[in-house]
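Asks: Sharing final_33.cif, mmCIF, C-alpha atoms and all ligand atoms:
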data_query
loop_
_atom_site.group_PDB
_atom_site.id
_atom_site.type_symbol
_atom_site.label_atom_id
_atom_site.label_comp_id
_atom_site.auth_asym_id
_atom_site.auth_seq_id
_atom_site.Cartn_x
_atom_site.Cartn_y
_atom_site.Cartn_z
ATOM 1 C CA MET A 1 42.146 227.448 134.717
ATOM 2 C CA GLN A 2 38.476 226.867 134.372
ATOM 3 C CA GLN A 3 36.046 229.733 134.278
ATOM 4 C CA LYS A 4 33.018 228.436 136.047
ATOM 5 C CA VAL A 5 31.473 231.433 137.718
ATOM 6 C CA GLN A 6 28.393 231.478 135.555
ATOM 7 C CA GLY A 7 26.061 228.587 136.120
ATOM 8 C CA LEU A 8 28.357 227.304 138.806
ATOM 9 C CA ASN A 9 25.771 226.597 141.441
ATOM 10 C CA LYS A 10 23.606 224.754 139.006
ATOM 11 C CA GLU A 11 26.503 222.658 137.822
ATOM 12 C CA PHE A 12 27.668 221.945 141.331
ATOM 13 C CA LYS A 13 24.237 220.822 142.359
ATOM 14 C CA ARG A 14 23.832 218.559 139.365
ATOM 15 C CA LYS A 15 27.238 217.008 139.893
ATOM 16 C CA ASP A 16 26.732 216.753 143.624
ATOM 17 C CA VAL A 17 23.494 214.887 143.198
ATOM 18 C CA SER A 18 24.910 212.554 140.563
ATOM 19 C CA ARG A 19 27.921 211.965 142.810
ATOM 20 C CA LEU A 20 25.672 211.043 145.741
ATOM 21 C CA ARG A 21 23.710 208.819 143.439
ATOM 22 C CA ASN A 22 26.832 207.017 142.223
ATOM 23 C CA LEU A 23 28.073 206.488 145.749
ATOM 24 C CA ILE A 24 24.719 205.252 146.949
ATOM 25 C CA LYS A 25 24.653 202.804 144.051
ATOM 26 C CA GLY A 26 28.136 201.687 145.042
ATOM 27 C CA LYS A 27 29.787 202.953 141.869
ATOM 28 C CA THR A 28 33.149 203.738 143.375
ATOM 29 C CA GLY A 29 35.399 202.448 140.624
ATOM 30 C CA ALA A 30 35.496 205.669 138.641
ATOM 31 C CA SER A 31 38.937 207.146 138.297
ATOM 32 C CA THR A 32 39.759 210.779 138.802
ATOM 33 C CA SER A 33 42.457 212.999 137.431
ATOM 34 C CA SER A 34 44.214 215.707 139.358
ATOM 35 C CA GLN A 35 45.793 218.885 138.154
ATOM 36 C CA ILE A 36 49.257 219.467 139.434
ATOM 37 C CA GLY A 37 50.095 223.040 140.230
ATOM 38 C CA TYR A 38 48.971 225.543 137.682
ATOM 39 C CA ASN A 39 50.159 223.810 134.539
ATOM 40 C CA THR A 40 48.081 221.470 132.467
ATOM 41 C CA LYS A 41 49.846 218.255 133.405
ATOM 42 C CA THR A 42 47.392 215.745 134.802
ATOM 43 C CA GLU A 43 47.834 212.419 136.501
ATOM 44 C CA ASP A 44 45.150 209.781 136.584
ATOM 45 C CA HIS A 45 44.407 208.126 139.887
ATOM 46 C CA LYS A 46 42.000 205.413 140.802
ATOM 47 C CA GLU A 47 40.461 203.948 143.947
ATOM 48 C CA GLY A 48 43.109 203.046 146.494
ATOM 49 C CA ASP A 49 46.017 204.928 144.852
ATOM 50 C CA VAL A 50 48.248 206.936 147.167
ATOM 51 C CA TRP A 51 50.258 209.858 145.817
ATOM 52 C CA LYS A 52 52.002 213.065 146.832
ATOM 53 C CA GLU A 53 50.598 216.369 145.714
ATOM 54 C CA GLY A 54 51.818 219.619 147.166
ATOM 55 C CA ARG A 55 52.668 219.006 150.809
ATOM 56 C CA LYS A 56 49.961 216.419 151.301
ATOM 57 C CA THR A 57 49.593 212.719 150.627
ATOM 58 C CA TRP A 58 46.362 211.883 148.870
ATOM 59 C CA THR A 59 44.314 208.795 148.213
ATOM 60 C CA ILE A 60 40.945 207.913 146.675
ATOM 61 C CA LYS A 61 38.566 206.190 149.019
ATOM 62 C CA ASN A 62 34.985 205.392 148.002
ATOM 63 C CA GLY A 63 35.565 207.445 144.871
ATOM 64 C CA ILE A 64 36.467 210.571 146.808
ATOM 65 C CA LYS A 65 39.892 212.151 146.701
ATOM 66 C CA GLN A 66 41.076 212.887 150.225
ATOM 67 C CA THR A 67 44.198 213.394 152.276
ATOM 68 C CA ILE A 68 45.780 210.520 154.158
ATOM 69 C CA SER A 69 45.224 212.249 157.498
ATOM 70 C CA LYS A 70 41.498 212.004 156.842
ATOM 71 C CA MET A 71 41.967 208.318 156.094
ATOM 72 C CA ASP A 72 43.725 207.853 159.438
ATOM 73 C CA ALA A 73 40.748 209.383 161.208
ATOM 74 C CA ILE A 74 38.420 207.011 159.391
ATOM 75 C CA LYS A 75 40.619 204.056 160.331
ATOM 76 C CA LYS A 76 40.478 205.053 163.995
ATOM 77 C CA GLU A 77 36.737 205.195 163.792
ATOM 78 C CA ILE A 78 36.544 201.541 162.752
ATOM 79 C CA PHE A 79 39.187 200.407 165.238
ATOM 80 C CA MET A 80 38.498 196.819 166.193
ATOM 81 C CA PRO A 81 39.156 195.322 169.627
ATOM 82 C CA LEU A 82 41.074 192.044 169.872
ATOM 83 C CA CYS A 83 38.148 190.057 171.256
ATOM 84 C CA CYS A 84 34.498 189.879 170.271
ATOM 85 C CA PRO A 85 32.436 191.927 172.784
ATOM 86 C CA LYS A 86 29.707 189.278 172.647
ATOM 87 C CA CYS A 87 31.476 185.911 172.934
ATOM 88 C CA SER A 88 34.950 187.140 174.046
ATOM 89 C CA LYS A 89 36.727 184.991 171.456
ATOM 90 C CA VAL A 90 39.724 186.468 169.630
ATOM 91 C CA MET A 91 38.633 187.988 166.312
ATOM 92 C CA LYS A 92 41.216 186.748 163.830
ATOM 93 C CA LYS A 93 39.143 185.321 160.968
ATOM 94 C CA ARG A 94 39.082 187.128 157.636
ATOM 95 C CA LEU A 95 35.347 187.816 157.975
ATOM 96 C CA ASP A 96 35.574 189.060 161.563
ATOM 97 C CA LYS A 97 36.726 192.525 160.557
ATOM 98 C CA PRO A 98 33.996 193.433 158.031
ATOM 99 C CA ASN A 99 31.392 191.954 160.335
ATOM 100 C CA TYR A 100 32.678 193.804 163.370
ATOM 101 C CA LYS A 101 32.540 197.039 161.414
ATOM 102 C CA VAL A 102 28.817 196.603 160.800
ATOM 103 C CA HIS A 103 27.555 194.517 163.721
ATOM 104 C CA LYS A 104 30.123 195.154 166.492
ATOM 105 C CA MET A 105 30.543 191.408 166.970
ATOM 106 C CA CYS A 106 32.530 188.535 165.414
ATOM 107 C CA PHE A 107 31.471 186.629 162.293
ATOM 108 C CA ASP A 108 30.381 183.559 164.298
ATOM 109 C CA CYS A 109 28.157 185.691 166.513
ATOM 110 C CA VAL A 110 26.610 187.315 163.426
ATOM 111 C CA ILE A 111 25.903 183.878 161.914
ATOM 112 C CA ASP A 112 24.352 182.794 165.185
ATOM 113 C CA TYR A 113 22.251 185.958 165.434
ATOM 114 C CA GLU A 114 21.060 185.722 161.819
ATOM 115 C CA HIS A 115 20.222 182.038 162.252
ATOM 116 C CA LYS A 116 17.917 182.940 165.154
ATOM 117 C CA LEU A 117 16.299 185.636 163.010
ATOM 118 C CA ARG A 118 15.700 183.114 160.205
ATOM 119 C CA ILE A 119 13.934 180.787 162.629
ATOM 120 C CA ARG A 120 11.745 183.652 163.783
ATOM 121 C CA GLY A 121 11.031 184.639 160.153
ATOM 122 C CA GLU A 122 12.558 188.071 160.676
ATOM 123 C CA TYR A 123 15.616 187.649 158.499
ATOM 124 C CA ASP A 124 14.465 189.340 155.259
ATOM 125 C CA ASP A 125 13.259 192.410 157.094
ATOM 126 C CA TYR A 126 16.520 192.545 159.046
ATOM 127 C CA ILE A 127 18.595 192.464 155.834
ATOM 128 C CA LYS A 128 16.495 195.197 154.288
ATOM 129 C CA GLN A 129 16.827 197.413 157.357
ATOM 130 C CA LEU A 130 20.553 196.733 157.458
ATOM 131 C CA LYS A 131 21.002 197.855 153.856
ATOM 132 C CA LEU A 132 18.959 200.998 154.389
ATOM 133 C CA LYS A 133 20.887 201.894 157.554
ATOM 134 C CA ASN A 134 24.095 201.386 155.628
ATOM 135 C CA HIS A 135 22.842 203.799 152.968
ATOM 136 C CA LEU A 136 21.982 206.342 155.656
ATOM 137 C CA THR A 137 25.498 206.150 157.076
ATOM 138 C CA GLN A 138 26.924 206.601 153.586
ATOM 139 C CA VAL A 139 24.764 209.626 152.865
ATOM 140 C CA ASN A 140 25.863 211.224 156.149
ATOM 141 C CA GLU A 141 29.518 210.520 155.404
ATOM 142 C CA ILE A 142 29.263 211.901 151.884
ATOM 143 C CA GLU A 143 27.462 215.004 153.120
ATOM 144 C CA ASN A 144 30.208 215.650 155.681
ATOM 145 C CA ILE A 145 32.981 215.221 153.131
ATOM 146 C CA PHE A 146 31.253 217.509 150.647
ATOM 147 C CA LEU A 147 30.575 220.187 153.247
ATOM 148 C CA GLU A 148 34.137 220.024 154.477
ATOM 149 C CA LEU A 149 35.559 220.320 150.972
ATOM 150 C CA ALA A 150 33.163 223.089 149.990
ATOM 151 C CA ASN A 151 34.131 225.116 153.047
ATOM 152 C CA GLN A 152 37.854 224.494 153.211
ATOM 153 C CA SER A 153 38.619 226.193 149.916
ATOM 154 C CA SER A 154 37.537 229.584 148.663
ATOM 155 C CA GLU A 155 38.660 228.821 145.166
ATOM 156 C CA GLY A 156 37.341 225.392 144.306
ATOM 157 C CA PHE A 157 34.404 223.052 144.344
ATOM 158 C CA VAL A 158 33.960 219.319 144.349
ATOM 159 C CA SER A 159 33.573 217.719 140.963
ATOM 160 C CA GLU A 160 31.794 214.515 140.082
ATOM 161 C CA HIS A 161 34.771 212.430 141.145
ATOM 162 C CA GLY A 162 35.279 214.253 144.442
ATOM 163 C CA GLU A 163 38.123 216.261 142.936
ATOM 164 C CA ILE A 164 38.398 219.898 143.893
ATOM 165 C CA GLU A 165 38.237 221.968 140.760
ATOM 166 C CA ARG A 166 39.503 225.499 140.703
ATOM 167 C CA TRP A 167 38.271 228.541 138.852
ATOM 168 C CA LYS A 168 38.575 232.277 139.016
ATOM 169 C CA GLY A 169 36.215 234.319 141.120
ATOM 170 C CA GLY A 170 35.620 232.297 144.270
ATOM 171 C CA ILE A 171 32.532 230.357 145.295
ATOM 172 C CA ASP A 172 29.275 230.955 147.096
ATOM 173 C CA LYS A 173 29.930 228.669 150.050
ATOM 174 C CA GLU A 174 26.565 229.252 151.643
ATOM 175 C CA LYS A 175 24.662 228.338 148.504
ATOM 176 C CA ILE A 176 26.814 225.270 147.884
ATOM 177 C CA SER A 177 26.538 224.116 151.503
ATOM 178 C CA SER A 178 22.768 224.462 151.429
ATOM 179 C CA ASP A 179 22.621 222.547 148.113
ATOM 180 C CA ILE A 180 24.688 219.730 149.614
ATOM 181 C CA THR A 181 22.535 219.574 152.739
ATOM 182 C CA LYS A 182 19.384 219.667 150.623
ATOM 183 C CA ALA A 183 20.555 216.783 148.407
ATOM 184 C CA ALA A 184 21.606 214.736 151.433
ATOM 185 C CA GLN A 185 18.371 215.499 153.270
ATOM 186 C CA GLU A 186 16.390 214.347 150.242
ATOM 187 C CA ALA A 187 18.336 211.081 150.153
ATOM 188 C CA ARG A 188 17.863 210.617 153.917
ATOM 189 C CA GLU A 189 14.127 211.192 153.691
ATOM 190 C CA ASN A 190 13.783 208.598 150.937
ATOM 191 C CA ILE A 191 15.722 206.052 152.973
ATOM 192 C CA GLN A 192 13.761 206.859 156.128
ATOM 193 C CA LYS A 193 10.540 206.406 154.181
ATOM 194 C CA GLU A 194 11.634 202.907 153.191
ATOM 195 C CA LEU A 195 12.858 202.136 156.702
ATOM 196 C CA THR A 196 9.450 202.845 158.183
ATOM 197 C CA ASN A 197 7.581 201.122 155.364
ATOM 198 C CA LYS A 198 8.003 197.474 156.262
ATOM 199 C CA GLU A 199 5.245 196.077 154.054
ATOM 200 C CA ASP A 200 7.266 195.496 150.898
HETATM 201 ZN ZN ZN B 1 31.583 186.631 168.906
#
Take the structure in the file and write it out as structure tokens.
Ligand SMILES: [Zn+2]

Replies:
Amino acid sequence: MQQKVQGLNKEFKRKDVSRLRNLIKGKTGASTSSQIGYNTKTEDHKEGDVWKEGRKTWTIKNGIKQTISKMDAIKKEIFMPLCCPKCSKVMKKRLDKPNYKVHKMCFDCVIDYEHKLRIRGEYDDYIKQLKLKNHLTQVNEIENIFLELANQSSEGFVSEHGEIERWKGGIDKEKISSDITKAAQEARENIQKELTNKED
């Protein structure tokens, strides 16, 4: 087991921030290894893998190790209706799903909408705002996952790869939670700053 009581908060913060940074930059390909039980045997897992560990089924989504039940909740959140709410056509094209997730309309409607924006000369600004809003959503999601993980266990913390690491002595949940919120708030403020600054 790792002894990480000393300097723990500092390490957590550093890793937390670098983790946020990686996710914001879209670096989700990093693999993670998990410790099984209390022996030293480790298994390497990468994005999209599904495996059993203890009584739970785990996967790695967006670089973060999480249980399948959490995945189910995320899936429900992006549940897509059969027909486009805008044009009422059945959404069955490959690009309908990713577009619905972001725009809440079918791919054709998005193309149509973006074409109108291009004519009005508003397209570049729209794309920039879209990217920034996407980053904001990601930061919020990451913050929630970190806070949940930090508070669900009294004997572990979240490592760089979203893995819960264990050590002797317990953790200062309050300090960790406030570090997470602080890092996320910082990221949000930077994004907000760019969102309101439309000049560049
Ligand atoms: Zn449509």

Asks: Could you check which of A:Ser88, A:Thr67, A:Thr181, A:Thr59 is closest to ligand ZN 1 (chain B), using only C-alpha atoms and all ligand atoms?

Replies: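 Looking only at the distances to ligand ZN 1 (chain B), the closest residue turns out to be A:Ser88.
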
Asks: With all atoms listed in the file as the counted atoms, please give the residues lying no more than 10 Å from A:Arg188, apart from itself and same-chain residues fewer than 2 positions off, as a VMD selection string.

Replies: chain A and resid 132 to 133 135 to 140 182 to 186 190 to 194

Asks: Using only C-alpha atoms and all ligand atoms, pick whichever of A:Leu95, A:Leu149, A:Ile127, A:Leu117 has the shortest atom-to-atom distance to ligand ZN 1 (chain B).

Replies: A:Leu95

Asks: Report as a ChimeraX atom specification the residues that result from applying the PyMOL selection byres (((not hetatm)) within 10 of (chain B and resi 1)) to the structure here.

Replies: /A:83-91,96,100,104-113

Asks: Rounded to one decimal place, report the atom CA of A:Phe79-atom CA of A:Lys128 distance in Å.

Replies: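 That distance, rounded to one decimal, is 25.7 Å.
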
Asks: Could you check how far atom CA of A:Glu141 sits from atom CA of A:Val102, in Å to one decimal?

Replies: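 Going from atom CA of A:Glu141 over to atom CA of A:Val102 covers 14.9 Å.
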
Asks: Enter the distance from atom CA of A:Leu195 to atom CA of A:Gln129, in Å, rounded to one decimal.

Replies: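 The value is 6.2 Å.
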
Asks: Give me, as an MDAnalysis selection string, all polymer residues having an atom no more than 9 Å from A:Glu114, counting only C-alpha atoms and skipping those fewer than 5 positions away in the same chain.

Replies: chainID A and resid 109 119 122:123 126

Asks: Given the choices A:Gly54, A:Met80, A:Asp125, A:Ser178, which gets closest to A:Asn197 if the distance is worked out from all atoms listed in the file?

Replies: A:Asp125

Asks: May I ask which of the residues A:Lys65, A:Lys97, A:His103, A:Lys56 is the closest one to A:Leu130, counting all atoms listed in the file?

Replies: A:His103

Asks: Any chance you could resolve the PyMOL selection byres (((chain A and resi 147) around 10) and not hetatm) against this file and give the residues as a VMD selection string?

Replies: chain A and resid 141 to 146 148 to 152 158 173 176 to 181
